[in-house]
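**Student:** Okay, so here is target_5.tsv, and as you'll see once you scroll down, it has TSV, C-alpha atoms.
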```
chain	number	residue	atom	x	y	z
F	823	MET	CA	40.98	119.97	160.65
F	824	LYS	CA	44.13	117.83	160.41
F	825	GLU	CA	46.48	116.99	163.23
F	826	VAL	CA	49.90	115.39	163.50
F	827	LYS	CA	51.80	114.90	166.74
F	828	PHE	CA	55.27	113.81	167.81
F	829	ASN	CA	56.54	113.93	171.40
F	830	ASN	CA	55.45	117.31	172.78
F	831	VAL	CA	54.95	119.07	169.45
F	832	THR	CA	51.57	119.09	167.70
F	833	TRP	CA	50.72	120.61	164.35
F	834	ILE	CA	47.05	121.40	163.67
F	835	ASP	CA	46.05	122.62	160.23
F	836	PHE	CA	42.71	124.19	159.31
F	837	GLU	CA	41.71	124.56	155.67
F	838	ASP	CA	39.09	127.32	155.29
F	839	PRO	CA	38.35	127.49	159.07
F	840	ASP	CA	34.73	128.03	160.07
F	841	ALA	CA	32.82	128.79	163.29
F	842	ASP	CA	33.22	125.22	164.60
F	843	ASP	CA	36.98	125.46	164.21
F	844	VAL	CA	37.02	128.74	166.11
F	845	LEU	CA	34.98	127.18	168.89
F	846	TYR	CA	37.44	124.28	169.01
F	847	LEU	CA	40.36	126.69	169.41
F	848	GLN	CA	38.58	128.61	172.15
F	849	GLU	CA	37.77	125.45	174.11
F	850	LYS	CA	41.03	123.54	173.70
F	851	PHE	CA	43.67	126.27	173.81
F	852	ASP	CA	44.48	129.23	175.98
F	853	ILE	CA	44.96	131.56	173.03
F	854	HIS	CA	44.44	135.29	173.23
F	855	PRO	CA	40.99	136.25	171.82
F	856	LEU	CA	42.55	138.79	169.47
F	857	ALA	CA	44.75	136.08	167.97
F	858	ILE	CA	41.70	133.88	167.37
F	859	GLU	CA	39.85	136.78	165.79
F	860	GLU	CA	42.76	137.55	163.48
F	861	PHE	CA	43.08	133.83	162.70
F	862	ILE	CA	39.72	133.81	160.94
F	863	THR	CA	39.76	137.35	159.56
F	864	PRO	CA	41.28	137.81	156.07
F	865	THR	CA	43.96	140.46	155.87
F	866	ILE	CA	45.84	142.00	152.98
F	867	ARG	CA	48.92	142.82	155.05
F	868	PRO	CA	51.34	140.30	156.56
F	869	LYS	CA	51.90	140.84	160.26
F	870	ALA	CA	53.59	139.40	163.33
F	871	THR	CA	52.10	139.99	166.81
F	872	GLN	CA	53.38	138.82	170.16
F	873	TYR	CA	50.73	137.95	172.77
F	874	ASP	CA	51.23	136.76	176.34
F	875	ASN	CA	50.87	133.06	175.56
F	876	CYS	CA	51.27	132.83	171.80
F	877	LEU	CA	52.85	134.33	168.71
F	878	PHE	CA	50.55	135.17	165.80
F	879	LEU	CA	51.81	135.49	162.23
F	880	THR	CA	50.13	136.22	158.93
F	881	ILE	CA	52.10	135.61	155.74
F	882	HIS	CA	51.11	135.40	152.10
F	883	ILE	CA	52.21	132.57	149.85
F	884	PRO	CA	52.39	133.18	146.07
F	885	LEU	CA	49.92	130.76	144.45
F	886	PHE	CA	49.23	130.39	140.74
F	887	ASP	CA	45.80	130.57	139.11
F	888	VAL	CA	45.94	128.36	136.03
F	889	ASN	CA	42.78	129.81	134.47
F	890	GLU	CA	43.73	133.48	134.95
F	891	ARG	CA	47.43	132.72	134.35
F	892	THR	CA	48.60	134.89	137.21
F	893	THR	CA	49.98	134.70	140.74
F	894	TYR	CA	47.77	135.60	143.69
F	895	PRO	CA	48.53	135.77	147.43
F	896	GLY	CA	47.34	132.85	149.53
F	897	GLU	CA	47.00	133.92	153.15
F	898	LEU	CA	48.46	131.62	155.80
F	899	ASP	CA	47.65	132.39	159.44
F	900	ILE	CA	49.95	130.88	162.04
F	901	VAL	CA	49.68	130.59	165.81
F	902	ILE	CA	52.63	129.32	167.83
F	903	THR	CA	52.16	128.20	171.42
F	904	LYS	CA	54.50	126.34	173.71
F	905	ASP	CA	53.59	122.93	172.26
F	906	HIS	CA	51.46	123.66	169.19
F	907	LEU	CA	51.80	125.00	165.71
F	908	ILE	CA	48.37	125.99	164.41
F	909	THR	CA	47.91	126.99	160.77
F	910	GLY	CA	44.87	128.15	158.86
F	911	HIS	CA	44.36	128.99	155.20
F	912	LYS	CA	41.42	129.57	152.89
F	913	TYR	CA	43.06	128.29	149.71
F	914	LYS	CA	44.66	124.89	149.34
F	915	ILE	CA	48.45	125.18	149.54
F	916	TYR	CA	49.92	122.17	147.80
F	917	GLN	CA	53.40	122.30	149.41
F	918	LEU	CA	51.90	122.60	152.89
F	919	SER	CA	49.52	119.68	152.30
F	920	GLU	CA	52.33	117.50	150.96
F	921	PHE	CA	54.57	118.30	153.93
F	922	PHE	CA	51.75	117.50	156.32
F	923	ARG	CA	51.04	114.20	154.53
F	924	LYS	CA	54.70	113.16	154.70
F	925	LEU	CA	54.78	113.84	158.43
F	926	LEU	CA	51.65	111.73	158.93
F	927	GLU	CA	53.03	108.82	156.93
F	928	SER	CA	56.62	108.77	158.21
F	929	GLU	CA	57.72	108.59	161.82
F	930	GLY	CA	61.27	109.30	160.65
F	931	LYS	CA	60.24	112.62	159.17
F	932	ARG	CA	58.32	113.48	162.33
F	933	ARG	CA	61.46	112.77	164.29
F	934	VAL	CA	63.49	115.07	162.02
F	935	TYR	CA	61.07	117.98	161.79
F	936	MET	CA	59.09	117.81	165.06
F	937	GLU	CA	61.75	116.87	167.57
F	938	ASP	CA	62.48	120.30	169.02
F	939	SER	CA	59.74	122.95	169.13
F	940	PRO	CA	56.87	124.45	167.11
F	941	ALA	CA	59.23	127.25	166.04
F	942	HIS	CA	61.59	124.66	164.51
F	943	LEU	CA	58.67	123.02	162.71
F	944	LEU	CA	57.53	126.42	161.43
F	945	TYR	CA	61.01	127.08	160.08
F	946	HIS	CA	60.92	123.86	158.03
F	947	LEU	CA	57.44	124.72	156.77
F	948	LEU	CA	58.45	128.24	155.73
F	949	GLU	CA	61.60	126.89	154.10
F	950	ILE	CA	59.51	124.56	151.93
F	951	LEU	CA	57.05	127.31	151.02
F	952	ILE	CA	59.74	129.86	150.16
F	953	GLU	CA	61.86	127.38	148.22
F	954	SER	CA	58.79	126.48	146.16
F	955	CYS	CA	58.97	129.96	144.61
F	956	PHE	CA	62.08	129.08	142.60
F	957	PRO	CA	60.37	126.52	140.28
F	958	ARG	CA	57.63	129.09	139.63
F	959	LEU	CA	60.23	131.70	138.76
F	960	ASP	CA	61.89	129.18	136.43
F	961	HIS	CA	58.52	128.75	134.73
F	962	VAL	CA	58.23	132.52	134.26
F	963	ILE	CA	61.75	132.64	132.78
F	964	GLU	CA	60.88	129.80	130.36
F	965	HIS	CA	57.76	131.71	129.36
F	966	LEU	CA	59.87	134.78	128.66
F	967	ASP	CA	62.24	132.71	126.51
F	968	SER	CA	59.31	131.49	124.40
F	969	VAL	CA	58.00	135.06	124.12
F	970	GLU	CA	61.41	136.22	122.92
F	971	GLU	CA	61.48	133.53	120.23
F	972	GLU	CA	58.00	134.48	119.02
F	973	ILE	CA	58.94	138.17	118.90
F	974	PHE	CA	61.82	137.53	116.51
F	975	ARG	CA	59.71	135.18	114.43
F	976	GLY	CA	57.55	138.13	113.48
F	977	ASN	CA	54.65	137.56	115.90
F	978	GLU	CA	54.98	140.92	117.62
F	979	LYS	CA	51.26	141.64	117.61
F	980	ASP	CA	50.37	138.37	119.38
F	981	MET	CA	53.13	138.89	121.95
F	982	VAL	CA	51.68	142.19	123.20
F	983	ARG	CA	49.10	140.25	125.22
F	984	GLU	CA	51.58	137.57	126.35
F	985	ILE	CA	54.00	140.19	127.65
F	986	SER	CA	51.15	141.89	129.52
F	987	ILE	CA	50.23	138.56	131.14
F	988	VAL	CA	53.83	138.00	132.25
F	989	LYS	CA	54.08	141.56	133.61
F	990	ARG	CA	50.89	141.09	135.64
F	991	ASP	CA	52.19	137.78	136.98
F	992	ILE	CA	55.51	139.32	138.03
F	993	LEU	CA	53.76	142.33	139.58
F	994	ASN	CA	51.52	140.10	141.72
F	995	PHE	CA	54.50	137.88	142.61
F	996	ARG	CA	56.50	140.92	143.78
F	997	ARG	CA	53.52	142.30	145.69
F	998	THR	CA	53.20	138.99	147.53
F	999	MET	CA	56.87	138.44	148.30
F	1000	LYS	CA	58.06	141.91	149.30
F	1001	PRO	CA	56.44	142.12	152.77
F	1002	GLN	CA	57.59	138.64	153.81
F	1003	ARG	CA	61.13	139.76	154.59
F	1004	SER	CA	59.93	142.09	157.36
F	1005	ILE	CA	57.94	139.23	158.93
F	1006	LEU	CA	60.98	136.93	158.94
F	1007	GLU	CA	63.09	139.72	160.42
F	1008	SER	CA	60.53	140.35	163.15
F	1009	ILE	CA	60.67	136.67	164.18
F	1010	THR	CA	64.42	136.91	164.70
F	1011	GLN	CA	64.16	140.22	166.55
F	1012	LYS	CA	61.39	139.30	168.98
F	1013	GLU	CA	62.49	138.21	172.44
F	1014	SER	CA	60.04	135.39	172.96
F	1015	PRO	CA	60.35	132.06	174.79
F	1016	LEU	CA	58.38	130.55	171.89
F	1017	VAL	CA	61.26	131.25	169.49
F	1018	PRO	CA	64.48	129.73	170.91
F	1019	GLU	CA	67.75	131.50	170.20
F	1020	SER	CA	69.06	128.33	168.53
F	1021	ILE	CA	66.53	128.60	165.70
F	1022	LYS	CA	67.02	132.30	164.91
F	1023	PRO	CA	70.10	131.80	162.65
F	1024	TYR	CA	67.95	129.50	160.51
F	1025	TYR	CA	65.35	132.23	160.12
F	1026	HIS	CA	68.17	134.56	159.06
F	1027	ASP	CA	68.94	132.01	156.35
F	1028	LEU	CA	65.30	132.24	155.21
F	1029	ILE	CA	65.74	136.00	154.91
F	1030	GLY	CA	68.68	135.35	152.59
F	1031	THR	CA	66.53	133.00	150.50
F	1032	ASN	CA	63.83	135.66	150.33
F	1033	ILE	CA	66.40	138.19	149.11
F	1034	ARG	CA	67.54	135.78	146.38
F	1035	ILE	CA	63.94	135.40	145.22
F	1036	TRP	CA	63.50	139.17	145.20
F	1037	ASN	CA	66.70	139.65	143.18
F	1038	THR	CA	65.49	137.08	140.67
F	1039	LEU	CA	62.16	138.90	140.44
F	1040	GLU	CA	64.00	142.15	139.80
F	1041	SER	CA	66.01	140.53	137.02
F	1042	VAL	CA	62.90	138.99	135.46
F	1043	LYS	CA	61.10	142.34	135.69
F	1044	GLU	CA	63.93	144.09	133.84
F	1045	THR	CA	64.00	141.36	131.18
F	1046	THR	CA	60.25	141.67	130.66
F	1047	GLU	CA	60.47	145.44	130.30
F	1048	SER	CA	63.32	145.09	127.78
F	1049	LEU	CA	61.35	142.55	125.78
F	1050	GLU	CA	58.34	144.84	125.82
F	1051	GLU	CA	60.41	147.74	124.49
F	1052	THR	CA	61.89	145.51	121.78
F	1053	ASN	CA	58.49	144.18	120.82
F	1054	ASN	CA	57.01	147.69	120.67
F	1055	SER	CA	59.93	148.91	118.54
F	1056	LEU	CA	59.56	146.04	116.06
F	1057	LEU	CA	55.80	146.46	115.98
F	1058	SER	CA	56.14	150.21	115.44
F	1059	ASN	CA	58.73	149.68	112.71
F	1060	LYS	CA	56.48	147.18	110.95
F	1061	LEU	CA	53.56	149.58	111.20
F	1062	ASN	CA	55.69	152.44	109.86
F	1063	LEU	CA	56.82	150.28	106.95
F	1064	THR	CA	53.21	149.41	106.13
F	1065	MET	CA	52.16	153.04	106.29
F	1066	LYS	CA	55.12	153.99	104.09
F	1067	VAL	CA	54.12	151.47	101.43
F	1068	LEU	CA	50.51	152.65	101.48
F	1069	THR	CA	51.60	156.30	101.32
F	1070	ILE	CA	53.90	155.66	98.35
F	1071	PHE	CA	51.18	153.69	96.58
F	1072	SER	CA	48.71	156.54	97.14
F	1073	ALA	CA	51.26	159.11	95.95
F	1074	ILE	CA	51.94	157.13	92.77
F	1075	MET	CA	48.25	156.66	92.07
F	1076	LEU	CA	47.38	160.33	92.71
F	1077	PRO	CA	48.75	161.76	89.39
F	1078	MET	CA	47.02	158.96	87.49
F	1079	THR	CA	43.76	159.76	89.29
F	1080	VAL	CA	44.12	163.46	88.52
F	1081	TYR	CA	44.84	162.69	84.86
F	1082	SER	CA	41.78	160.44	84.52
F	1083	ASN	CA	39.57	163.04	86.21
F	1084	ILE	CA	40.80	165.72	83.80
F	1085	LEU	CA	39.91	163.48	80.89
F	1086	ALA	CA	36.46	162.89	82.37
F	1087	MET	CA	35.84	166.63	82.58
F	1088	SER	CA	36.92	167.31	78.98
F	1089	ALA	CA	34.20	167.85	76.42
F	1090	GLU	CA	36.32	166.10	73.86
F	1091	ILE	CA	38.76	163.45	75.05
F	1092	PRO	CA	42.12	163.70	73.26
F	1093	PHE	CA	42.72	160.74	70.98
F	1094	GLY	CA	39.05	159.87	71.51
F	1095	ASP	CA	38.65	158.86	67.85
F	1096	HIS	CA	42.03	157.20	67.61
F	1097	PRO	CA	41.81	153.37	67.37
F	1098	TYR	CA	44.52	153.06	70.03
F	1099	GLY	CA	43.33	156.00	72.15
F	1100	PHE	CA	42.72	153.87	75.26
F	1101	TRP	CA	46.22	152.42	75.20
F	1102	ILE	CA	47.72	155.84	74.56
F	1103	HIS	CA	46.12	157.16	77.74
F	1104	ILE	CA	47.23	154.03	79.66
F	1105	GLY	CA	50.77	154.65	78.44
F	1106	ILE	CA	50.60	158.29	79.54
F	1107	MET	CA	49.42	157.18	83.01
F	1108	LEU	CA	52.24	154.65	83.26
F	1109	PHE	CA	54.72	157.32	82.19
F	1110	ILE	CA	53.40	159.64	84.89
F	1111	SER	CA	53.75	156.83	87.47
F	1112	LEU	CA	57.32	156.08	86.39
F	1113	LEU	CA	58.13	159.79	86.52
F	1114	THR	CA	56.71	159.97	90.07
F	1115	ILE	CA	58.75	156.95	91.16
F	1116	THR	CA	61.89	158.47	89.61
F	1117	ILE	CA	61.34	161.74	91.47
F	1118	PHE	CA	60.82	159.78	94.74
F	1119	LYS	CA	64.08	157.90	94.22
F	1120	LEU	CA	65.99	161.08	93.38
F	1121	ARG	CA	64.62	162.60	96.56
F	1122	LYS	CA	65.55	159.37	98.40
F	1123	TRP	CA	62.00	158.90	99.59
F	1124	LEU	CA	62.17	155.27	98.43
```
Would you give me this structure, written as structure tokens?

**Tutor:**
Amino acid sequence: MKEVKFNNVTWIDFEDPDADDVLYLQEKFDIHPLAIEEFITPTIRPKATQYDNCLFLTIHIPLFDVNERTTYPGELDIVITKDHLITGHKYKIYQLSEFFRKLLESEGKRRVYMEDSPAHLLYHLLEILIESCFPRLDHVIEHLDSVEEEIFRGNEKDMVREISIVKRDILNFRRTMKPQRSILESITQKESPLVPESIKPYYHDLIGTNIRIWNTLESVKETTESLEETNNSLLSNKLNLTMKVLTIFSAIMLPMTVYSNILAMSAEIPFGDHPYGFWIHIGIMLFISLLTITIFKLRKWL
């Protein structure tokens, strides 16, 4: 548990809360039991619930798994009371930890961010978390640029996996971000003394930021799908060209194979006693091959 306080506003943060943390909340705060239960229960759906003496929120922050190379939702549970902002999360959220550290180290920052109410502090926290999505999107765009370069360098086969990784990352990013808009809208729509009217326009601004992120995700999704189609077309064309070469080679070799098999079945091989019989048959095979190639060109098969 970490705690930072300024004037009448206190922020308490729990990382991977356990039974002792729950007991602490029950003893120190007059929080609705359902809010405490939801605070420690993982959920796959963001939600906002108004209780008599607190406001409970669950949002999901897009976090990146370096090993799996994909985005995953990091749940952040939030309880707002008259004087407290209480947050809990299972996974470490770097931007949240950095913001908390800066508040601890700087009285000036505490004065800026914790002067008014827990709802104001929550706004600044959500602003930092949402704005942190833009650098991650820039990273995805840079990855797509490198994939595009590799595609046109002739590495289509290797890029099939890379494009799939990017598509999975974007899918998980979209799945995490889409429900957040409804949560932000619910904060502005709720008539609660815990959310002053003066802060609601700022939450509307967060909704606009969320929309910009979603529009960027839509654009990146379309770019990825276009790159995938291009890569598949080039890969298919290369495969068709390879199959065409192999087919032509087989077609050219077929008459020669038939000719040699006929000779093998003959009791007496023509020109068998001739000193240049072998080369005569080689010449006949080459003539047949040239004739086959000529027919292919006349038919415009080559």

**Student:** When you draw a straight line from CA of Asp991 in chain F to CA of Asp967 in chain F, how long is it in Å?

**Tutor:** 15.4 Å

**Student:** Which polymer residues have any atom within 8 Å of an atom of Pro895 in chain F, counting all atoms listed in the file, with same-chain residues fewer than 4 positions away left out, as a PyMOL selection string?

**Tutor:** chain F and resi 882-885+994-995+998

**Student:** May I ask which of the residues F:Lys924, F:Leu943, F:Ile1005, F:Lys914 is the closest one to Leu879 in chain F, counting all atoms listed in the file?

**Tutor:**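 Using all atoms listed in the file, the shortest distance to Leu879 in chain F belongs to F:Ile1005.
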
**Student:** Point out the residue among F:Ile858, F:Thr893, F:Ile1106, F:Ser928 with the least atom-to-atom distance to Arg997 in chain F, counting only C-alpha atoms.

**Tutor:**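 Using only C-alpha atoms, the shortest distance to Arg997 in chain F belongs to F:Thr893.
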
**Student:** I'd like the interatomic distance between CA of Ala941 in chain F and CA of Leu1016 in chain F, to a tenth of an Å.

**Tutor:** 6.8 Å

**Student:** Which residue out of F:Ser986, F:Ile963, F:Asn875, F:Met999 has the minimum interatomic distance to Glu897 in chain F when only C-alpha atoms are used?

**Tutor:** F:Met999

**Student:** Which value, in Å to one decimal, gives the distance between CA of Leu1056 in chain F and CA of Val969 in chain F?

**Tutor:** 13.7 Å
